[in-house]
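Take a look at the structure below.
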2 protein chains.
Amino acid sequence: MNERISVTILFLLFWTLNVIADDGHTLWLRGQSIGPVKIICSKSSASINIAKQELEKSWHGTPGATLVLSIKSDSSIKGDGFKLGSGKIEAKTDLGILYGVYELLRRQQTGEKIIEEMSNPSYDLRLLDHWDNLNGTIERGYAGNSIFWRNGNDSLTVTEHDKKLWQEYARANASIGINGAVLNNVNSSPRMLDGKILKKVQAIADVLRPYGMKTYLAVNFSSPAVLGNLKMSDPFNAEVIEWWKKKVEEIYSLIPDFGGFLVKANSEGQPGPQDYSRTHADGANMMADALKPFGGIVMWRAFVYSPKEKDRAMQAFSEFIPLDGQFRDNVIIQVKNGPVDFQPREPFNPLFGAMKKTSVMPELQITQEYLGQSTHLVFLATMWEEFLQSETYQEGKGSTVARCTDGSIFRQKHTAIAGVSNIGLDTNWCGHHFAQANWYAFGRLAWNNSLTSKNIADEWIKLTFAQTPPDKIGSSIFSKNWTEKFLGPVKTMMLESREAAVNYMMPLGLHHIFAGDHHYGPGPWYAPNIRPDWTPPYYHQADTNGIGFDRTRTGSNAVGQYHEPLCSQFDDLKTCPEIYLLWFHHLPWDYKMKNRRILWDDLCYHYNAGLQQVREFQKVWDRIQPYIDSERFVAVQNKLRRQCLNAQVWNDGCLLYFQQFSRRPIPYDIGRPMNNLDDLIKSDMKRR
Amino acid sequence: MNERISVTILFLLFWTLNVIADDGHTLWLRGQSIGPVKIICSKSSASINIAKQELEKSWHGTPGATLVLSIKSDSSIKGDGFKLGSGKIEAKTDLGILYGVYELLRRQQTGEKIIEEMSNPSYDLRLLDHWDNLNGTIERGYAGNSIFWRNGNDSLTVTEHDKKLWQEYARANASIGINGAVLNNVNSSPRMLDGKILKKVQAIADVLRPYGMKTYLAVNFSSPAVLGNLKMSDPFNAEVIEWWKKKVEEIYSLIPDFGGFLVKANSEGQPGPQDYSRTHADGANMMADALKPFGGIVMWRAFVYSPKEKDRAMQAFSEFIPLDGQFRDNVIIQVKNGPVDFQPREPFNPLFGAMKKTSVMPELQITQEYLGQSTHLVFLATMWEEFLQSETYQEGKGSTVARCTDGSIFRQKHTAIAGVSNIGLDTNWCGHHFAQANWYAFGRLAWNNSLTSKNIADEWIKLTFAQTPPDKIGSSIFSKNWTEKFLGPVKTMMLESREAAVNYMMPLGLHHIFAGDHHYGPGPWYAPNIRPDWTPPYYHQADTNGIGFDRTRTGSNAVGQYHEPLCSQFDDLKTCPEIYLLWFHHLPWDYKMKNRRILWDDLCYHYNAGLQQVREFQKVWDRIQPYIDSERFVAVQNKLRRQCLNAQVWNDGCLLYFQQFSRRPIPYDIGRPMNNLDDLIKSDMKRR
């Protein structure tokens, strides 16, 4: 078998013009210097030294030019921001210099103009959340095991290989402005705070530090009882309070710049303060008090729901709004972008902008749990842009989620944003070469939440796929041929990819109709022996009368959690955006859409459109073969085939299932299903 | 699960206009009488009585009209032929009357004109070969177990249910002129001739007899040794000769009209006369001598090939031509339509017309071993028409295979044709509702080998799917709406279906590139541990230089087995029909086709065309939903989905495999593969 595969690869090598294989490990950091640069910098530090090395390694400006790096006190520069100018980079901090250098190099390599420009980060804390378990597995990880943890006798030893990988990881993050990492799963083992494990955390922190990456840990609320052998973990109990205080001291003795805790409490079976009739605020504040002396923070997740609730989408708002103002100033409430759970499309979570006296941070998911995992090509920046630019109206027009969370509107003590990492031990880090773009995009948006997905895609493609290093500065460093034949089509594909996934998975506001717990394939059908709010029929509510979740004022009244005029807009069929139609409304199958099609037909056309979009992506990709190395070409080609096969399954499974209720034919001008419903239900498609 | 399926069926019942479910068991025999008929017939016999019952049951002529059935000596009537006329049917035999009645009823129900007409059968013997094993399984059977044999304690008992089923079977055969059945597998167990089993054969024969169906058995050449405990089965041995004589006597004592033996000898491991250095003629003649006194015949198969042969397609010709003239006159050589093995498309077997002094009968395969089994909708009449009308040139122009085998050209003692049955215990007999059309078409062509597949399809659709019994005689008994919306599209689909299968399975003369032994999915790749002539690379010969089996004069010279001008025509690229191109030639990937495409591109377009044809069949079928009962609608719809999924696998597997050698892109204007080659090779698609 291997021999045949080798033959295949060999002939492809000769077939394509570009014969240099590329395993994708170097990410978007492949620029090689085209000449020397003279660096003038009066300061020396670990971070400054890295900045100098990067300049020497990847300088793409005029060979022999001079660059001045200077640390200045400038009130227009905020935090680790920087000022870019002709022949100079100014910053208030060493990290500001480092970020400025990466920005300069990126502009040189992408051919963007380098003008006098200020760049301040949108959020102070720009974090990756790793859902890595101590045994090395990763919850919702699709790119191999953890880069931090492993099973076995050597689980706590730190090798040179580990350190090299962590350094590469830190460098990649620094290059896009990410400045912190939660090293373990939010479903945290109490063992995480064990002294032996903290020693390894220390080793990781030491490698990440020069790149400006702070280390954070997700902690289990029951740690005092389980790890500390106390009788309980009640946040009002003196021994518990003392236990956390001592534990925090221990951590800071090892890691003086430790970032703080991330806590998932009273959520999906995790322990929390409510176990002792205390509130989320009681629990978070107790931890915050322990961390406060060291400058540490608590990120407390608002991802709560219960099987008793009639509408899961409403619970976070109901539980947290009454607590607004009760949290310590070093607590940040971490809120997922949508009210349910990282679905292909959700309206924004109504907590954004509504918690006015509390620091609130968005939690995005970079790993594609619900978006095809590492098999489907789905560029998430468009989704995040849609989310960040969502208008909340909480403080009048212009109260976008971005502005509600980045300190523009509310005087938050801390501004922060987190992304659930898609990184693992796979050579290319993310499983799918294009999944690297989501890591990249998260970092770029965390630094500047008004960037467009279009610009981010443009940058990333140039940095990741440009065939030869450009040899001069300016906008014409990429050939017309490459720009037209590669950059253009691939960018369009990326920008359409999320809408394609929404179309073939769950268009028109449908959500959470996945099969089983794997969240990969379709399963709108009933799943036995699972709590109702984990079964798709809870969400799609399809019956012979129609489909959709009634969240109007006469339904669950989830619309009531949104600020006017949004509440009325979502409530009223005339004004509700059709992308959220079935999120907010249960509608008859013959409901007339704005395009005058009936709902059933329009649903069919959406599914089919998604499938056809992926079929087109395949053509786009096959045509760019001459412009890319064969290794990445073949890898992406194979993934696109699987994505297509899966999109067909989505189309077939959903349409045939819903057809049982709609009792109408699939419009005759679109392709027929290729899979039978019974076969799909029987096999409940596992991830392939 | 069952509940859900029931719900599906229930709603479909109400959805369609036609609410009467139909399981397909009544085949093409669903006409119900629309009024009385007065039958005048002086004779009475079992067959005549059936004829009368059929008339009363299904009369579609003027109510109260008179029909005269008369047995007459008329030299223009041959065998069981008949004369149809206004108000009368004349024949020489009782069976002639029965066949005449079925023809009259068919014409009434299909609206065909009833004019004064003579109808004589093309072949005397029109047989079904059942590859049924004594344990009830069927080799290459895809419609359930055997209707004749079963495992278990009651394997030899004959129930009323058995007899009813055999009678329905006999009636269906009689209605299309089939007059004999080989009750067991050509890979025959010696146990078949055991006295106990012969008792059951007798019971079957008794049920079949009134319908004009004679009973035949496939026999194992080693029966004297294995069953009779003789030392050997040498056809020249006196004891062996005596054993067969006695066995034949025993059979005829039970079944006085027993038809004879079918023998697969020295073929695929079966024993035969060559085991004793005797020829096929020696073996066949020994059996023929035993059968001769009772009027029995021997059908001796020419399906021989060996792993040592450089070109399997040539062996039957090489072995049998030297024996021409050496066979007894009650021996018929049974020859498969093509020189290899029931492939989607083969040129005709060169033995047809070349064995001039021997009775030669075509063996067709009704069961779709190599044509999608009971999953794919493939109407085989077009293939058989192509075969029967093939020009052999053996006795000048007009020497078609049909005329070479039906006695028009050679004075064969016996004319015969056999079809390998596709019948099993499935309620609808054939697994796929449209597979019934192949049983029907075989019978119709056996009776009249100049019928067109178009007419056969037209008849079959009208008899099988017409919604309501027509209520008057004439060509306008079917509504314009039904004719345009149902009959037309379904007929077109049937007539295109075999070419579609050739396109997505093995176009341009490719053959035998199936995976494994199941002969269902694609497997052009190498299969380990199998004799070379059973592996696809033996047949497609693909390498970086090109593809195809060189059977030209400078290759294996299989072309030399064809009569001029065919030999030169096949040999010369300028004249070789492109449908047989890669059957006869190994050609470079950039060989220029007549449409000016290069071979590789044209191959891609053929595969894609086949896939698109099936996608279109799905649309055709979905559109006819209002005109058909829901049960058959859903069953065929489900099968078409699987066929599509499988056509995609064929397209992807073959193109991606051959692309390794062609090293050229799949033309960018056709759909991309959805399956990865490695996945397909790993799973070696089993029948689904």
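Residues in the structure tokens are named by chain (A, B, ... in the order shown) and by number from 1 within that chain; ligands are numbered from 1 in the order shown.
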
Shell of 10 Å around Ala500 of chain B, only C-alpha atoms, local chain residues under 5 positions omitted, as number ranges by chain: B: 377-378, 493-495, 505-507, 606-614, 617, 647

Alpha helix (DSSP H) positions in segment 623-658 of chain A, given as number ranges by chain: A: 623, 630-658

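Considering only C-alpha atoms, the residue among B:Leu351, B:Leu105, B:Val634, B:Ala218 positioned nearest to chain A is B:Val634.
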
Any idea what's packed within 12 Å of Cys41 of chain A, counting only C-alpha atoms, ignoring anything in its chain fewer than 2 positions away? Could you give it as an NGL selection string? :A and (38-39 or 43-45 or 48-49 or 51-52 or 66-72 or 88-91 or 94 or 97)

Which residues of chain A come within 9 Å of chain B, and what is each one's closest atom pair and distance in Å (one decimal), counting only C-alpha atoms, sorted by chain and residue number, as CSV?
```
residue,atom,partner,partner_atom,distance
A:Met1,CA,B:Asp678,CA,8.5
A:Ile5,CA,B:Asp678,CA,8.0
A:Val7,CA,B:Gln660,CA,8.1
A:Thr8,CA,B:Gln660,CA,6.1
A:Phe11,CA,B:Arg663,CA,7.1
A:Leu12,CA,B:Arg663,CA,7.7
A:Trp15,CA,B:Arg663,CA,6.8
A:Arg615,CA,B:Arg672,CA,7.1
A:Glu616,CA,B:Gly671,CA,8.5
A:Gln618,CA,B:Arg672,CA,6.4
A:Lys619,CA,B:Tyr668,CA,6.6
A:Asp622,CA,B:Tyr668,CA,7.7
A:Arg623,CA,B:Tyr668,CA,7.2
A:Asn638,CA,B:Asn676,CA,6.2
A:Lys639,CA,B:Asn676,CA,8.8
A:Leu640,CA,B:Met674,CA,7.9
A:Arg641,CA,B:Met674,CA,4.3
A:Arg642,CA,B:Met674,CA,6.4
A:Gln643,CA,B:Met674,CA,8.1
A:Cys644,CA,B:Met674,CA,5.9
A:Leu645,CA,B:Met674,CA,5.5
A:Gln660,CA,B:Thr8,CA,6.1
A:Phe661,CA,B:Phe11,CA,8.5
A:Arg663,CA,B:Trp15,CA,6.7
A:Arg664,CA,B:Trp15,CA,7.9
A:Pro665,CA,B:Asp622,CA,8.2
A:Ile666,CA,B:Asp622,CA,8.8
A:Tyr668,CA,B:Lys619,CA,6.6
A:Asp669,CA,B:Lys619,CA,8.2
A:Ile670,CA,B:Lys619,CA,8.6
A:Gly671,CA,B:Arg615,CA,7.1
A:Arg672,CA,B:Gln618,CA,6.4
A:Pro673,CA,B:Arg641,CA,6.5
A:Met674,CA,B:Arg641,CA,4.3
A:Asn675,CA,B:Arg641,CA,5.8
A:Asn676,CA,B:Asn638,CA,6.2
A:Asp678,CA,B:Ile5,CA,8.0
```

Go ahead and save the residues from that selection, with N, CA and C atoms, as a JSON list (two decimals), in the first residue's frame.
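Output below, filename result_21.json:
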```json
[["chain", "number", "residue", "atom", "x", "y", "z"],
["A", 1, "MET", "N", 0.84, -1.20, 0.00],
["A", 1, "MET", "CA", 0.00, 0.00, 0.00],
["A", 1, "MET", "C", 0.87, 1.25, 0.00],
["A", 5, "ILE", "N", 1.28, 4.39, -2.75],
["A", 5, "ILE", "CA", 1.11, 5.80, -2.40],
["A", 5, "ILE", "C", 2.37, 6.58, -2.77],
["A", 7, "VAL", "N", 4.43, 5.89, -5.12],
["A", 7, "VAL", "CA", 4.46, 6.06, -6.57],
["A", 7, "VAL", "C", 3.58, 7.23, -6.97],
["A", 8, "THR", "N", 2.39, 7.29, -6.35],
["A", 8, "THR", "CA", 1.47, 8.38, -6.64],
["A", 8, "THR", "C", 2.13, 9.72, -6.37],
["A", 11, "PHE", "N", 4.92, 10.61, -8.89],
["A", 11, "PHE", "CA", 4.54, 11.09, -10.22],
["A", 11, "PHE", "C", 3.94, 12.48, -10.12],
["A", 12, "LEU", "N", 3.26, 12.75, -9.00],
["A", 12, "LEU", "CA", 2.69, 14.08, -8.82],
["A", 12, "LEU", "C", 3.82, 15.11, -8.69],
["A", 15, "TRP", "N", 4.83, 15.86, -12.01],
["A", 15, "TRP", "CA", 3.74, 16.38, -12.79],
["A", 15, "TRP", "C", 3.61, 17.89, -12.59],
["A", 615, "ARG", "N", -18.39, 21.49, -4.57],
["A", 615, "ARG", "CA", -17.99, 20.90, -5.85],
["A", 615, "ARG", "C", -17.15, 21.92, -6.64],
["A", 616, "GLU", "N", -17.53, 23.19, -6.54],
["A", 616, "GLU", "CA", -16.76, 24.23, -7.22],
["A", 616, "GLU", "C", -15.39, 24.43, -6.56],
["A", 618, "GLN", "N", -13.59, 22.26, -5.32],
["A", 618, "GLN", "CA", -12.72, 21.20, -5.86],
["A", 618, "GLN", "C", -12.12, 21.64, -7.20],
["A", 619, "LYS", "N", -12.97, 22.23, -8.04],
["A", 619, "LYS", "CA", -12.46, 22.67, -9.34],
["A", 619, "LYS", "C", -11.44, 23.78, -9.18],
["A", 622, "ASP", "N", -8.23, 22.14, -8.01],
["A", 622, "ASP", "CA", -7.55, 21.36, -9.05],
["A", 622, "ASP", "C", -6.87, 22.26, -10.08],
["A", 623, "ARG", "N", -7.50, 23.39, -10.35],
["A", 623, "ARG", "CA", -6.91, 24.29, -11.35],
["A", 623, "ARG", "C", -5.64, 24.99, -10.86],
["A", 638, "ASN", "N", -7.38, 15.85, -1.34],
["A", 638, "ASN", "CA", -8.00, 14.72, -0.66],
["A", 638, "ASN", "C", -9.05, 15.18, 0.34],
["A", 639, "LYS", "N", -8.73, 16.22, 1.09],
["A", 639, "LYS", "CA", -9.69, 16.72, 2.09],
["A", 639, "LYS", "C", -10.95, 17.24, 1.39],
["A", 640, "LEU", "N", -10.76, 17.94, 0.29],
["A", 640, "LEU", "CA", -11.93, 18.49, -0.42],
["A", 640, "LEU", "C", -12.85, 17.39, -0.94],
["A", 641, "ARG", "N", -12.23, 16.28, -1.34],
["A", 641, "ARG", "CA", -13.06, 15.15, -1.79],
["A", 641, "ARG", "C", -13.93, 14.65, -0.65],
["A", 642, "ARG", "N", -13.31, 14.48, 0.51],
["A", 642, "ARG", "CA", -14.07, 14.01, 1.67],
["A", 642, "ARG", "C", -15.16, 15.02, 2.03],
["A", 643, "GLN", "N", -14.80, 16.28, 1.97],
["A", 643, "GLN", "CA", -15.77, 17.32, 2.31],
["A", 643, "GLN", "C", -16.98, 17.23, 1.39],
["A", 644, "CYS", "N", -16.71, 16.98, 0.12],
["A", 644, "CYS", "CA", -17.78, 16.85, -0.86],
["A", 644, "CYS", "C", -18.68, 15.66, -0.56],
["A", 645, "LEU", "N", -18.04, 14.56, -0.30],
["A", 645, "LEU", "CA", -18.78, 13.35, 0.02],
["A", 645, "LEU", "C", -19.65, 13.61, 1.25],
["A", 660, "GLN", "N", -39.90, 14.00, 5.34],
["A", 660, "GLN", "CA", -40.94, 13.21, 5.99],
["A", 660, "GLN", "C", -42.03, 14.08, 6.60],
["A", 661, "PHE", "N", -41.64, 15.29, 6.95],
["A", 661, "PHE", "CA", -42.61, 16.21, 7.55],
["A", 661, "PHE", "C", -43.18, 17.18, 6.51],
["A", 663, "ARG", "N", -43.50, 16.68, 3.36],
["A", 663, "ARG", "CA", -44.33, 15.95, 2.41],
["A", 663, "ARG", "C", -44.41, 16.63, 1.05],
["A", 664, "ARG", "N", -43.29, 17.17, 0.65],
["A", 664, "ARG", "CA", -43.23, 17.83, -0.64],
["A", 664, "ARG", "C", -42.01, 17.32, -1.40],
["A", 665, "PRO", "N", -42.09, 17.37, -2.72],
["A", 665, "PRO", "CA", -40.91, 16.91, -3.48],
["A", 665, "PRO", "C", -39.76, 17.90, -3.40],
["A", 666, "ILE", "N", -38.55, 17.37, -3.48],
["A", 666, "ILE", "CA", -37.38, 18.23, -3.65],
["A", 666, "ILE", "C", -37.50, 18.84, -5.04],
["A", 668, "TYR", "N", -37.42, 19.84, -8.69],
["A", 668, "TYR", "CA", -36.90, 18.90, -9.68],
["A", 668, "TYR", "C", -35.69, 19.42, -10.43],
["A", 669, "ASP", "N", -35.38, 20.72, -10.28],
["A", 669, "ASP", "CA", -34.23, 21.23, -11.03],
["A", 669, "ASP", "C", -32.92, 21.13, -10.25],
["A", 670, "ILE", "N", -32.94, 20.53, -9.06],
["A", 670, "ILE", "CA", -31.67, 20.32, -8.35],
["A", 670, "ILE", "C", -31.39, 18.83, -8.21],
["A", 671, "GLY", "N", -30.11, 18.54, -7.96],
["A", 671, "GLY", "CA", -29.66, 17.15, -7.90],
["A", 671, "GLY", "C", -30.43, 16.35, -6.85],
["A", 672, "ARG", "N", -30.64, 15.11, -7.16],
["A", 672, "ARG", "CA", -31.34, 14.20, -6.24],
["A", 672, "ARG", "C", -30.39, 13.70, -5.16],
["A", 673, "PRO", "N", -30.91, 13.32, -4.01],
["A", 673, "PRO", "CA", -30.06, 12.67, -2.99],
["A", 673, "PRO", "C", -29.42, 11.40, -3.55],
["A", 674, "MET", "N", -28.23, 11.10, -3.07],
["A", 674, "MET", "CA", -27.55, 9.87, -3.48],
["A", 674, "MET", "C", -27.53, 8.83, -2.36],
["A", 675, "ASN", "N", -27.84, 9.27, -1.15],
["A", 675, "ASN", "CA", -27.87, 8.35, -0.01],
["A", 675, "ASN", "C", -29.30, 8.15, 0.44],
["A", 676, "ASN", "N", -29.61, 6.95, 0.89],
["A", 676, "ASN", "CA", -30.93, 6.70, 1.45],
["A", 676, "ASN", "C", -30.94, 7.03, 2.93],
["A", 678, "ASP", "N", -32.51, 5.70, 5.43],
["A", 678, "ASP", "CA", -32.35, 4.57, 6.34],
["A", 678, "ASP", "C", -30.88, 4.18, 6.49]]
```

Mind checking which residues fall within 12 Å of Asn595 of chain A, counting only C-alpha atoms, ignoring those fewer than 6 positions away in the same chain, and posting them as a PyMOL selection string? chain A and resi 578+601-602+605

Among the residues A:Gly516, A:Thr452, A:Tyr504, A:Val636, the one that comes closest to Asp652 of chain A [using only C-alpha atoms]: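 Closest residue, counting only C-alpha atoms: A:Tyr504.
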
Can you tell me, as a ChimeraX atom specification, what residues are no more than 12 Å from Gly407 of chain B when counting only C-alpha atoms, ignoring any on the same chain fewer than 2 positions away? /B:121-124,353,356-361,399-405,409-417,449

List the neighbours of Leu425 of chain A out to 12 Å using only C-alpha atoms; skip same-chain residues closer than 4 positions along the sequence, and give me the result as a PyMOL selection string. chain A and resi 25+132+136-138+141-150+161-162+165-166+169+429-431

Based on the selection just made, write C-alpha atoms of those residues as a CSV table (one decimal), in the first residue's frame.
```csv
chain,number,residue,atom,x,y,z
A,25,HIS,CA,5.0,23.0,9.4
A,132,ASP,CA,-5.8,19.5,26.1
A,136,GLY,CA,-2.4,14.0,25.8
A,137,THR,CA,-5.7,13.7,24.2
A,138,ILE,CA,-7.5,16.9,23.1
A,141,GLY,CA,-8.9,18.2,18.8
A,142,TYR,CA,-8.6,17.0,15.2
A,143,ALA,CA,-4.8,17.5,14.6
A,144,GLY,CA,-3.2,14.9,16.7
A,145,ASN,CA,-2.5,14.8,20.4
A,146,SER,CA,-1.4,17.7,22.7
A,147,ILE,CA,1.9,19.5,22.2
A,148,PHE,CA,2.0,20.0,25.9
A,149,TRP,CA,0.8,16.8,27.5
A,150,ARG,CA,1.3,13.1,27.0
A,161,HIS,CA,12.2,18.3,21.1
A,162,ASP,CA,9.4,19.6,23.4
A,165,LEU,CA,8.1,22.7,19.4
A,166,TRP,CA,6.9,25.0,22.2
A,169,TYR,CA,4.5,27.5,18.8
A,429,TRP,CA,-0.2,21.8,13.4
A,430,CYS,CA,-3.9,22.0,12.5
A,431,GLY,CA,-4.7,18.8,10.5
```

Residues of segment 101-237 of chain B in strand (DSSP E or B), written as a ChimeraX atom specification: /B:117-119,125-129,132,138,180-182,214-219

Find the residues around Ile255 of chain B up to 10 Å (only C-alpha atoms counted), leave out those fewer than 5 positions away in its own chain, and share them as a list in words.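 Returned residues: Leu198, Lys199, Val201, Gln202, Ala203, Ile204, Ala205, Asp206, Arg209, Lys214, Thr215, Glu249 and Glu250 of chain B.
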
Limited to C-alpha atoms, could you put the picked residues into a file as a PDB file, in the first residue's frame?
```pdb
ATOM      1  CA  LEU B 198     -34.934 -36.432  -8.610  1.00  0.00           C
ATOM      2  CA  LYS B 199     -38.257 -37.019  -6.844  1.00  0.00           C
ATOM      3  CA  VAL B 201     -37.451 -32.545  -9.701  1.00  0.00           C
ATOM      4  CA  GLN B 202     -40.400 -34.682 -10.732  1.00  0.00           C
ATOM      5  CA  ALA B 203     -42.719 -32.600  -8.526  1.00  0.00           C
ATOM      6  CA  ILE B 204     -41.435 -29.406 -10.069  1.00  0.00           C
ATOM      7  CA  ALA B 205     -41.741 -30.806 -13.580  1.00  0.00           C
ATOM      8  CA  ASP B 206     -45.351 -31.770 -12.904  1.00  0.00           C
ATOM      9  CA  ARG B 209     -45.571 -29.134 -17.608  1.00  0.00           C
ATOM     10  CA  LYS B 214     -39.656 -28.638 -19.812  1.00  0.00           C
ATOM     11  CA  THR B 215     -37.271 -29.474 -17.020  1.00  0.00           C
ATOM     12  CA  GLU B 249     -33.571 -44.142 -17.674  1.00  0.00           C
ATOM     13  CA  GLU B 250     -34.327 -43.428 -14.033  1.00  0.00           C
TER      14      GLU B 250
END
```

With distances taken over only C-alpha atoms, which of A:Glu112, A:Gly259, A:Lys245, A:Ile333 is nearest to Leu183 of chain A?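 Checking each candidate against Leu183 of chain A, we get A:Gly259 as the closest.
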
Distance of atom CA of Asp282 of chain A from atom CA of Gln394 of chain A, expressed in Å to one decimal place: 26.6 Å

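Compared by their closest atoms to Lys485 of chain B, and using only C-alpha atoms, the residues B:Gly560, B:Tyr580, B:Lys200, B:Trp621 rank with B:Trp621 nearest.
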